[in-house]
Structure formats: C-alpha cells, structure tokens
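Heads up, the thing below is written out as structure tokens.
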Amino acid sequence: MVRRLLDFYGSDYAEEFSKETVNRPSQWIRVNVQKISAENLKSRLMLAGRIYADRFIEIIEGNQEPRLNELLKSEEFRRGFFSVQNPAAFEVTKLLRVQNGMSIWDACAAPGGKSALLAESFPKSSILATDASAERLRPMQDLTNRLNLSNVTVQTLDATHHDFCENFDRILLDVPCSNLGVLSRRPEVKYRLTPEDLKELPKLQFEILNAAASALKKGGVLVYATCSPDRAETDKVIAKFLERHPEFEREGEPIRIEKNEFGLDRFFAAALTKK
C-alpha cells in the first residue's frame with residue numbers, strides 16, 4: 001500500500017496519508033431536520049462541537065460532553081432525532097441536485113446512511129435503496145423503524161443485473177471500493193487488502209456503473225462515488241465509462257475531499273448527466 005502511494009503520489013503525500021490513517025477519526029452525528037434543528041439538538045444534548053451544513057454536529061472526544069456511545073443510548077436517538085454519519089456524505093449527495101418529487105435509486109445503499117440523508121432532506125421524493133447483499137441490508141431496517149422514513153423502499157438487488165430502463169431521475173452509486181480514504185475508521189483494511197484487490201475492484205466498479213446507467217432517465221444525473229482517492233478507482237473508471245457512453249457527459253468537476261479541518265472522510269464523487 002505504501003509502495004503504491006509513493007509510486008503514484010510522491011513521498012510527501014504518502015507520508016501525510018499514512019500518518020492520517022493512525023489518527024483517531026472525527027466523530028459526527030447527522031440531525032434529522034424533519035424533527036429538530038441542529039442548534040436545538042446541540043443544546044438538548046449539551047454538545048460543544050461545531051455544526052456543519054446546518055445538519056451535522058461534531059462530537060468532541062475527551063470533553064465533558066456525552067460520548068458517542070452514550071448518545072446512542074439516549075431518548076433522542078431512539079426517537080430518530082439523529083444518526084451517526086460523517087458530513088462527507090452530504091457533499092457527495094449534493095451533486096445529485098435532488099428536488100422533492102424525484103425518483104432516486106441508491107444502488108449500493110448498505111448500510112443506508114446516504115439513503116436516510118436523502119429521505120430526510122427530500123421527504124416527497126421516492127427512494128429505492130438496494131444492495132446485492134441481504135446481510136448488509138439488515139441495518140437498513142433502521143430507516144423504516146427508528147427513523148420512520150416512509151419514502152424509502154429497501155430491496156436486495158445486484159446493480160449489475162436489473163430490469164430498469166430509464167426509471168429514475170437520479171442515481172447514486174457509492175460503489176464497493178478499497179476504503180483507502182477511510183483507513184482510520186477501518187484499520188483492518190490495511191491487513192485485508194491485497195494487490196489483486198486493487199486490480200479487480202476497478203473492474204467491478206466499472207461493471208456497476210456501466211450497468212446502472214441504463215436506469216437513468218434522459219436529463220437525469222448519476223453520481224459515482226468512492227471513499228478511495230486511488231485514480232484506478234476514480235478518474236480512470238469515469239474516463240473509461242465516458243469513452244463508451246457518448247450519451248453521458250460530466251457535470252462540472254468531481255469533488256475530491258482530501259485532508260481538511262472538519263475531519264471529513266476522504267471521498268471522490270463525480271456527477272454525470274444523460275443527454
């Protein structure tokens with residue numbers, strides 16, 4: 001992994017990136033703004049962290065305020081006032097430019113955080129949240145039970161094998177990836193990931209993107225996202241797709257969340273429009 005960082009990005013980036021993977025990651029909660037404002041919840045829970053985008057509250061570890069595991073036992077959590085999520089998800093979903101009334105397919109949805117964010121933000125939209133793994137979808141019962149989100153349908157479905165044809169206004173593909181951008185949250189990846197994985201994952205990512213694209217309506221927006229900064233999983237997948245699909249075009253520049261003051265997870269996301 002270090003060899004790859006050195007070869008592709010240089011020594012300065014490799015050193016900064018490697019140090020970051022052993023730091024304690026920032027903790028944030030996402031406020032369900034359909035039920036309460038971020039300011040009100042912050043006061044109610046006696047939190048001292050920053051607010052991001054009017055719907056995320058930072059949890060400061062080591063302070064006098066409640067720890068995250070204590071908050072997850074609170075009445076506010078039980079009633080669906082908040083969930084655990086890094087604000088990077090917000091930056092990714094913004095690229096979809098969703099409006100109420102739209103149909104959305106979150107095609108690699110498990111464990112469901114971005115589907116919930118979209119459902120809370122756009123309660124009059126219709127969201128299909130799918131994943132190829134029924135096991136990974138089990139936590140998404142939280143969407144309908146604790147959060148009481150009636151505009152989300154959860155279904156086990158492999159995005160590479162579907163019968164949709166221009167069914168959706170928006171499609172989100174947060175594809176399976178190496179998780180290189182979130183190693184501080186998933187330290188086991190450093191011991192699990194192999195060179196073969198880094199060769200095979202871009203093939204799977206392209207296969208998902210290539211298959212899901214047919215489900216987008218003309219004029220719709222598809223967002224391809226990955227929590228890896230690796231070019232093989234990001235720019236190269238997009239370039240290959242656009243070469244084979246002239247009916248699609250980039251919408252603006254991709255977002256590349258790198259090291260930042262808020263502790264947002266590293267993410268890549270690109271918006272594609274169907275002509």
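Chain labels A, B, ... are given in the sequence in which chains occur in the structure tokens; within each chain residues are numbered consecutively from 1, and ligands are likewise numbered from 1 in the order shown.
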(request) Using backbone DSSP assignments, extract all strand (DSSP E or B) residues from segment 123-241 of chain A; output them as a list of chain:residue names. (result)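 Put together, the selection reads A:Ser126, A:Ile127, A:Leu128, A:Ala129, A:Thr130, A:Asp131, A:Val152, A:Thr153, A:Val154, A:Gln155, A:Thr156, A:Phe168, A:Asp169, A:Arg170, A:Ile171, A:Leu172, A:Leu173, A:Asp174, A:Leu216, A:Lys217, A:Lys218, A:Gly219, A:Gly220, A:Val221, A:Leu222, A:Val223, A:Tyr224, A:Ala225, A:Thr226.
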Taking only C-alpha atoms into account, produce a table as JSON lines in which each residue of segment 153-213 of chain A with an atom at most 12 Å from an atom of segment 80-89 of chain A appears once, together with its shortest atom pair and the distance in Å to one decimal, ordered by chain and rising number.
```
{"residue": "A:Leu172", "atom": "CA", "partner": "A:Ala89", "partner_atom": "CA", "distance": 11.4}
{"residue": "A:Asp174", "atom": "CA", "partner": "A:Ala89", "partner_atom": "CA", "distance": 9.9}
{"residue": "A:Gly181", "atom": "CA", "partner": "A:Ala88", "partner_atom": "CA", "distance": 11.2}
{"residue": "A:Val182", "atom": "CA", "partner": "A:Asn86", "partner_atom": "CA", "distance": 10.8}
{"residue": "A:Arg185", "atom": "CA", "partner": "A:Asn86", "partner_atom": "CA", "distance": 10.9}
```
Keeping only C-alpha atoms, write the selected residues as an mmCIF file, in the first residue's frame.
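As a result, again36.cif now contains:
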```cif
data_model
loop_
_atom_site.group_PDB
_atom_site.id
_atom_site.type_symbol
_atom_site.label_atom_id
_atom_site.label_comp_id
_atom_site.auth_asym_id
_atom_site.auth_seq_id
_atom_site.Cartn_x
_atom_site.Cartn_y
_atom_site.Cartn_z
ATOM 1 C CA LEU A 172 -26.317 7.320 -6.604
ATOM 2 C CA ASP A 174 -21.375 4.687 -3.789
ATOM 3 C CA GLY A 181 -9.863 7.058 2.144
ATOM 4 C CA VAL A 182 -11.241 5.856 5.486
ATOM 5 C CA ARG A 185 -12.183 4.150 10.604
#
```
(message) For a quick check of understanding, using only C-alpha atoms, which of A:Arg250, A:Arg67, A:Lys199, A:Lys114 has the smallest distance to Leu143 of chain A?
(response)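 So, comparing all the options, the nearest one is A:Lys114.
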(message) I'd like the contact shell of Ile104 of chain A - 12 Å cut-off, only C-alpha atoms, skipping same-chain residues fewer than 3 positions apart - returned as a ChimeraX atom specification.
(response) /A:93,96-101,107,109,114-115,118-119,122-130,151-153,166-173,215-217,220-223
(message) Using Å and a single decimal, report how far atom CA of Phe267 of chain A sits from atom CA of Glu91 of chain A.
(response)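 That distance, rounded to one decimal, is 9.1 Å.
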(request) Taking the chain letters and numbering used in this document, name the residues of segment 27-65 of chain A that DSSP puts in alpha helix (DSSP H), as a VMD selection string. (result) chain A and resid 38 to 45
So which residues touch Leu71 of chain A within 10 Å, counting only C-alpha atoms, skipping near sequence neighbours fewer than 3 positions away, as a tab-separated table (two decimals) with all heavy atoms, in the first residue's frame?
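What follows is the written file result-v7.tsv:
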```tsv
chain	number	residue	atom	x	y	z
A	29	ILE	N	-22.55	13.44	14.15
A	29	ILE	CA	-23.90	12.90	14.04
A	29	ILE	C	-24.68	13.75	13.03
A	29	ILE	O	-24.42	14.94	12.89
A	29	ILE	CB	-24.63	12.87	15.40
A	29	ILE	CG1	-24.75	14.27	16.01
A	29	ILE	CG2	-23.97	11.89	16.34
A	29	ILE	CD1	-25.60	14.32	17.27
A	45	LEU	N	-28.69	18.06	23.84
A	45	LEU	CA	-27.73	17.02	24.20
A	45	LEU	C	-26.50	17.58	24.92
A	45	LEU	O	-25.61	16.83	25.29
A	45	LEU	CB	-27.29	16.25	22.95
A	45	LEU	CG	-28.37	15.46	22.23
A	45	LEU	CD1	-27.81	14.83	20.96
A	45	LEU	CD2	-28.97	14.38	23.13
A	59	ILE	N	-18.87	15.57	17.47
A	59	ILE	CA	-18.76	15.00	18.81
A	59	ILE	C	-17.30	15.10	19.23
A	59	ILE	O	-16.43	14.48	18.61
A	59	ILE	CB	-19.24	13.54	18.86
A	59	ILE	CG1	-20.64	13.41	18.25
A	59	ILE	CG2	-19.19	13.02	20.29
A	59	ILE	CD1	-21.68	14.25	18.95
A	65	GLU	N	-18.64	16.67	27.53
A	65	GLU	CA	-19.93	16.32	26.95
A	65	GLU	C	-20.08	14.81	26.79
A	65	GLU	O	-19.11	14.06	26.92
A	65	GLU	CB	-20.07	16.99	25.58
A	65	GLU	CG	-19.09	16.51	24.53
A	65	GLU	CD	-19.24	17.29	23.23
A	65	GLU	OE1	-18.86	18.46	23.19
A	65	GLU	OE2	-19.76	16.69	22.28
A	66	PRO	N	-21.30	14.35	26.54
A	66	PRO	CA	-21.52	12.90	26.41
A	66	PRO	C	-20.70	12.29	25.27
A	66	PRO	O	-20.49	12.92	24.24
A	66	PRO	CB	-23.02	12.80	26.11
A	66	PRO	CG	-23.60	14.09	26.56
A	66	PRO	CD	-22.54	15.11	26.38
A	67	ARG	N	-20.23	11.07	25.48
A	67	ARG	CA	-19.52	10.35	24.43
A	67	ARG	C	-20.53	9.76	23.45
A	67	ARG	O	-21.72	9.62	23.76
A	67	ARG	CB	-18.65	9.24	25.03
A	67	ARG	CG	-17.48	9.77	25.83
A	67	ARG	CD	-16.63	8.63	26.36
A	67	ARG	NE	-15.44	9.14	27.03
A	67	ARG	CZ	-14.30	9.40	26.41
A	67	ARG	NH1	-14.22	9.21	25.10
A	67	ARG	NH2	-13.26	9.86	27.07
A	68	LEU	N	-20.03	9.38	22.28
A	68	LEU	CA	-20.92	8.88	21.23
A	68	LEU	C	-21.70	7.66	21.69
A	68	LEU	O	-22.90	7.55	21.43
A	68	LEU	CB	-20.12	8.57	19.97
A	68	LEU	CG	-20.93	8.12	18.75
A	68	LEU	CD1	-21.95	9.18	18.36
A	68	LEU	CD2	-20.00	7.82	17.57
A	74	SER	N	-29.50	7.32	24.09
A	74	SER	CA	-30.39	8.41	24.50
A	74	SER	C	-31.78	8.28	23.92
A	74	SER	O	-32.01	7.59	22.92
A	74	SER	CB	-29.79	9.76	24.09
A	74	SER	OG	-29.80	9.89	22.67
A	75	GLU	N	-32.71	8.99	24.54
A	75	GLU	CA	-34.08	9.06	24.05
A	75	GLU	C	-34.13	9.73	22.68
A	75	GLU	O	-34.92	9.34	21.82
A	75	GLU	CB	-34.94	9.84	25.06
A	75	GLU	CG	-36.38	10.09	24.62
A	75	GLU	CD	-37.23	8.84	24.63
A	75	GLU	OE1	-36.77	7.80	25.13
A	75	GLU	OE2	-38.38	8.91	24.15
A	76	GLU	N	-33.27	10.72	22.48
A	76	GLU	CA	-33.23	11.44	21.21
A	76	GLU	C	-32.83	10.51	20.06
A	76	GLU	O	-33.38	10.60	18.96
A	76	GLU	CB	-32.26	12.63	21.30
A	76	GLU	CG	-32.76	13.79	22.13
A	76	GLU	CD	-32.62	13.56	23.63
A	76	GLU	OE1	-32.00	12.54	24.04
A	76	GLU	OE2	-33.11	14.38	24.40
A	77	PHE	N	-31.89	9.61	20.32
A	77	PHE	CA	-31.51	8.66	19.28
A	77	PHE	C	-32.65	7.68	19.01
A	77	PHE	O	-32.98	7.40	17.86
A	77	PHE	CB	-30.25	7.90	19.69
A	77	PHE	CG	-29.79	6.89	18.66
A	77	PHE	CD1	-29.18	7.30	17.50
A	77	PHE	CD2	-30.00	5.52	18.87
A	77	PHE	CE1	-28.77	6.38	16.53
A	77	PHE	CE2	-29.60	4.60	17.92
A	77	PHE	CZ	-28.98	5.03	16.75
A	78	ARG	N	-33.26	7.18	20.08
A	78	ARG	CA	-34.36	6.22	19.93
A	78	ARG	C	-35.50	6.81	19.13
A	78	ARG	O	-36.15	6.13	18.34
A	78	ARG	CB	-34.85	5.78	21.31
A	78	ARG	CG	-35.88	4.65	21.26
A	78	ARG	CD	-36.50	4.39	22.62
A	78	ARG	NE	-37.33	5.52	23.04
A	78	ARG	CZ	-38.57	5.74	22.59
A	78	ARG	NH1	-39.11	4.95	21.69
A	78	ARG	NH2	-39.26	6.78	23.03
A	82	PHE	N	-31.42	11.80	15.46
A	82	PHE	CA	-30.10	11.85	14.83
A	82	PHE	C	-29.58	10.45	14.52
A	82	PHE	O	-30.08	9.45	15.04
A	82	PHE	CB	-29.10	12.60	15.72
A	82	PHE	CG	-28.70	11.86	16.98
A	82	PHE	CD1	-27.59	11.03	16.99
A	82	PHE	CD2	-29.42	12.02	18.15
A	82	PHE	CE1	-27.21	10.35	18.14
A	82	PHE	CE2	-29.06	11.35	19.31
A	82	PHE	CZ	-27.94	10.51	19.31
A	83	SER	N	-28.58	10.41	13.67
A	83	SER	CA	-27.88	9.17	13.31
A	83	SER	C	-26.39	9.49	13.23
A	83	SER	O	-26.00	10.66	13.16
A	83	SER	CB	-28.37	8.64	11.95
A	83	SER	OG	-29.76	8.42	11.97
A	84	VAL	N	-25.57	8.48	13.21
A	84	VAL	CA	-24.13	8.68	13.08
A	84	VAL	C	-23.77	8.74	11.59
A	84	VAL	O	-24.12	7.83	10.83
A	84	VAL	CB	-23.34	7.54	13.76
A	84	VAL	CG1	-21.84	7.75	13.59
A	84	VAL	CG2	-23.70	7.45	15.23
```
